[in-house]
Amino acid sequence: LAAADPAQPYGAALTWPEPSGEGRHRPGRKSGALVVLVDGEATLYVERGGRSLLSFTEDEAPLRAAAEALGRAVRDGWLGHLAVQRADGEVALGSRLAGILQEAGFRATPKGLRLRA
């Protein structure tokens, strides 16, 4: 969902969960940002432009489901492409999300992890 979508309750009716990692970025209801919900819970936040991800859980099962959903959104044409450079405040390729994103179809590039339609 778009982070500013009225159907997305975080940041309006519900407070945002605490992001994983030590990054300075915080989620918000911003134009161009996306939130991936798994079973109604915020799992991933994609900042505007797709260069940075925040996760809200350490549990790999919902993270895998969220990464798969992002992959489907790109492959189905909902998103042009994603080129993730940072994840949870770390360089994407060295982050704990790197393997999960690669399993979902993201490919390593010199700048991070990219997925195209």
# chains A, B, ... in the order shown; residues from 1 in each chain; ligands from 1
$ select_by_dssp --residues "range 17-94 of chain A" --states "strand (DSSP E)" --output "VMD selection string"
chain A and resid 34 to 38 41 to 46 52 to 55 81 to 84 86 to 87 90 to 91
$ closest_atom_pairs --of "range 28-66 of chain A" --to "range 11-20 of chain A" --cutoff "7 Å" --atoms "only C-alpha atoms" --output "CSV"
residue,atom,partner,partner_atom,distance
A:Gly28,CA,A:Gly11,CA,6.4
A:Arg29,CA,A:Gly11,CA,6.2
A:Leu54,CA,A:Pro19,CA,6.2
A:Ser55,CA,A:Ser20,CA,5.6
A:Phe56,CA,A:Pro19,CA,4.7
A:Thr57,CA,A:Ser20,CA,6.5
$ write_last_selection --atoms "N, CA and C atoms" --output "PDB file, in the first residue's frame"
ATOM      1  N   GLY A  28       6.974   7.172   7.700  1.00  0.00           N
ATOM      2  CA  GLY A  28       6.001   8.255   7.737  1.00  0.00           C
ATOM      3  C   GLY A  28       4.986   8.096   6.620  1.00  0.00           C
ATOM      4  N   ARG A  29       3.898   8.782   6.748  1.00  0.00           N
ATOM      5  CA  ARG A  29       2.859   8.770   5.715  1.00  0.00           C
ATOM      6  C   ARG A  29       3.261   9.778   4.651  1.00  0.00           C
ATOM      7  N   LEU A  54      13.062  -0.201   5.480  1.00  0.00           N
ATOM      8  CA  LEU A  54      13.039  -0.405   6.924  1.00  0.00           C
ATOM      9  C   LEU A  54      12.214  -1.650   7.187  1.00  0.00           C
ATOM     10  N   SER A  55      12.654  -2.468   8.123  1.00  0.00           N
ATOM     11  CA  SER A  55      11.857  -3.629   8.521  1.00  0.00           C
ATOM     12  C   SER A  55      11.366  -3.418   9.942  1.00  0.00           C
ATOM     13  N   PHE A  56      10.265  -4.084  10.267  1.00  0.00           N
ATOM     14  CA  PHE A  56       9.663  -3.919  11.586  1.00  0.00           C
ATOM     15  C   PHE A  56       9.615  -5.217  12.380  1.00  0.00           C
ATOM     16  N   THR A  57      10.311  -6.238  11.918  1.00  0.00           N
ATOM     17  CA  THR A  57      10.319  -7.518  12.614  1.00  0.00           C
ATOM     18  C   THR A  57      11.646  -8.220  12.390  1.00  0.00           C
TER      19      THR A  57
END
$ residues_around --residues "range 73-88 of chain A" --least-positions-apart "2" --cutoff "8 Å" --atoms "only C-alpha atoms" --output "JSON, numbers by chain"
{"A": [19, 20, 21, 22, 23, 49, 50, 51, 52, 53, 54, 55, 69, 70, 71, 90, 91, 92, 93, 95, 97, 111, 112, 113, 114, 115, 116, 117]}
$ select_by_dssp --residues "chain A" --states "helix (DSSP H, G or I)" --output "PyMOL selection string"
chain A and resi 60-75+92-94+98-103
$ write_last_selection --atoms "N, CA and C atoms" --output "mmCIF file, in the first residue's frame"
data_model
loop_
_atom_site.group_PDB
_atom_site.id
_atom_site.type_symbol
_atom_site.label_atom_id
_atom_site.label_comp_id
_atom_site.auth_asym_id
_atom_site.auth_seq_id
_atom_site.Cartn_x
_atom_site.Cartn_y
_atom_site.Cartn_z
ATOM 1 N N GLU A 60 11.806 -14.035 10.175
ATOM 2 C CA GLU A 60 12.080 -14.157 8.743
ATOM 3 C C GLU A 60 10.862 -14.539 7.907
ATOM 4 N N ALA A 61 9.897 -15.247 8.462
ATOM 5 C CA ALA A 61 8.726 -15.664 7.673
ATOM 6 C C ALA A 61 7.949 -14.459 7.122
ATOM 7 N N PRO A 62 7.567 -13.492 7.953
ATOM 8 C CA PRO A 62 6.873 -12.332 7.374
ATOM 9 C C PRO A 62 7.783 -11.484 6.491
ATOM 10 N N LEU A 63 9.079 -11.435 6.796
ATOM 11 C CA LEU A 63 9.996 -10.685 5.933
ATOM 12 C C LEU A 63 10.069 -11.315 4.548
ATOM 13 N N ARG A 64 10.095 -12.637 4.488
ATOM 14 C CA ARG A 64 10.106 -13.336 3.198
ATOM 15 C C ARG A 64 8.807 -13.051 2.435
ATOM 16 N N ALA A 65 7.675 -13.105 3.135
ATOM 17 C CA ALA A 65 6.391 -12.827 2.491
ATOM 18 C C ALA A 65 6.348 -11.392 1.959
ATOM 19 N N ALA A 66 6.873 -10.447 2.727
ATOM 20 C CA ALA A 66 6.888 -9.046 2.299
ATOM 21 C C ALA A 66 7.808 -8.847 1.097
ATOM 22 N N ALA A 67 8.980 -9.485 1.116
ATOM 23 C CA ALA A 67 9.913 -9.371 -0.010
ATOM 24 C C ALA A 67 9.302 -9.981 -1.273
ATOM 25 N N GLU A 68 8.607 -11.105 -1.122
ATOM 26 C CA GLU A 68 7.920 -11.725 -2.263
ATOM 27 C C GLU A 68 6.844 -10.793 -2.812
ATOM 28 N N ALA A 69 6.107 -10.133 -1.919
ATOM 29 C CA ALA A 69 5.067 -9.195 -2.353
ATOM 30 C C ALA A 69 5.675 -8.023 -3.124
ATOM 31 N N LEU A 70 6.801 -7.512 -2.649
ATOM 32 C CA LEU A 70 7.486 -6.441 -3.384
ATOM 33 C C LEU A 70 7.912 -6.937 -4.759
ATOM 34 N N GLY A 71 8.464 -8.137 -4.801
ATOM 35 C CA GLY A 71 8.890 -8.718 -6.077
ATOM 36 C C GLY A 71 7.730 -8.856 -7.051
ATOM 37 N N ARG A 72 6.591 -9.343 -6.561
ATOM 38 C CA ARG A 72 5.408 -9.471 -7.424
ATOM 39 C C ARG A 72 4.943 -8.111 -7.922
ATOM 40 N N ALA A 73 4.984 -7.100 -7.056
ATOM 41 C CA ALA A 73 4.552 -5.756 -7.456
ATOM 42 C C ALA A 73 5.423 -5.230 -8.596
ATOM 43 N N VAL A 74 6.719 -5.502 -8.540
ATOM 44 C CA VAL A 74 7.621 -5.079 -9.622
ATOM 45 C C VAL A 74 7.338 -5.898 -10.874
ATOM 46 N N ARG A 75 7.311 -7.225 -10.744
ATOM 47 C CA ARG A 75 7.115 -8.094 -11.918
ATOM 48 C C ARG A 75 5.756 -7.891 -12.579
ATOM 49 N N ALA A 92 22.806 -2.270 1.784
ATOM 50 C CA ALA A 92 21.864 -3.357 1.497
ATOM 51 C C ALA A 92 22.556 -4.705 1.323
ATOM 52 N N LEU A 93 23.671 -4.737 0.600
ATOM 53 C CA LEU A 93 24.338 -6.019 0.344
ATOM 54 C C LEU A 93 24.883 -6.665 1.611
ATOM 55 N N GLY A 94 25.183 -5.899 2.635
ATOM 56 C CA GLY A 94 25.706 -6.438 3.879
ATOM 57 C C GLY A 94 24.668 -6.572 4.974
ATOM 58 N N ALA A 98 19.565 -8.876 2.941
ATOM 59 C CA ALA A 98 20.133 -9.161 1.619
ATOM 60 C C ALA A 98 19.713 -10.530 1.098
ATOM 61 N N GLY A 99 19.880 -11.576 1.873
ATOM 62 C CA GLY A 99 19.524 -12.921 1.433
ATOM 63 C C GLY A 99 18.037 -13.066 1.166
ATOM 64 N N ILE A 100 17.224 -12.461 2.006
ATOM 65 C CA ILE A 100 15.769 -12.525 1.842
ATOM 66 C C ILE A 100 15.358 -11.836 0.543
ATOM 67 N N LEU A 101 15.941 -10.678 0.269
ATOM 68 C CA LEU A 101 15.627 -9.959 -0.971
ATOM 69 C C LEU A 101 16.116 -10.729 -2.191
ATOM 70 N N GLN A 102 17.290 -11.336 -2.098
ATOM 71 C CA GLN A 102 17.809 -12.115 -3.222
ATOM 72 C C GLN A 102 16.931 -13.339 -3.489
ATOM 73 N N GLU A 103 16.426 -13.974 -2.452
ATOM 74 C CA GLU A 103 15.502 -15.093 -2.637
ATOM 75 C C GLU A 103 14.234 -14.646 -3.361
#
$ atom_distance --atom1 "CA of Tyr45 in chain A" --atom2 "CA of Arg26 in chain A"
9.2 Å
$ residues_around --residues "range 2-8 of chain A" --least-positions-apart "4" --cutoff "8 Å" --atoms "only C-alpha atoms" --output "PyMOL selection string"
chain A and resi 28-35
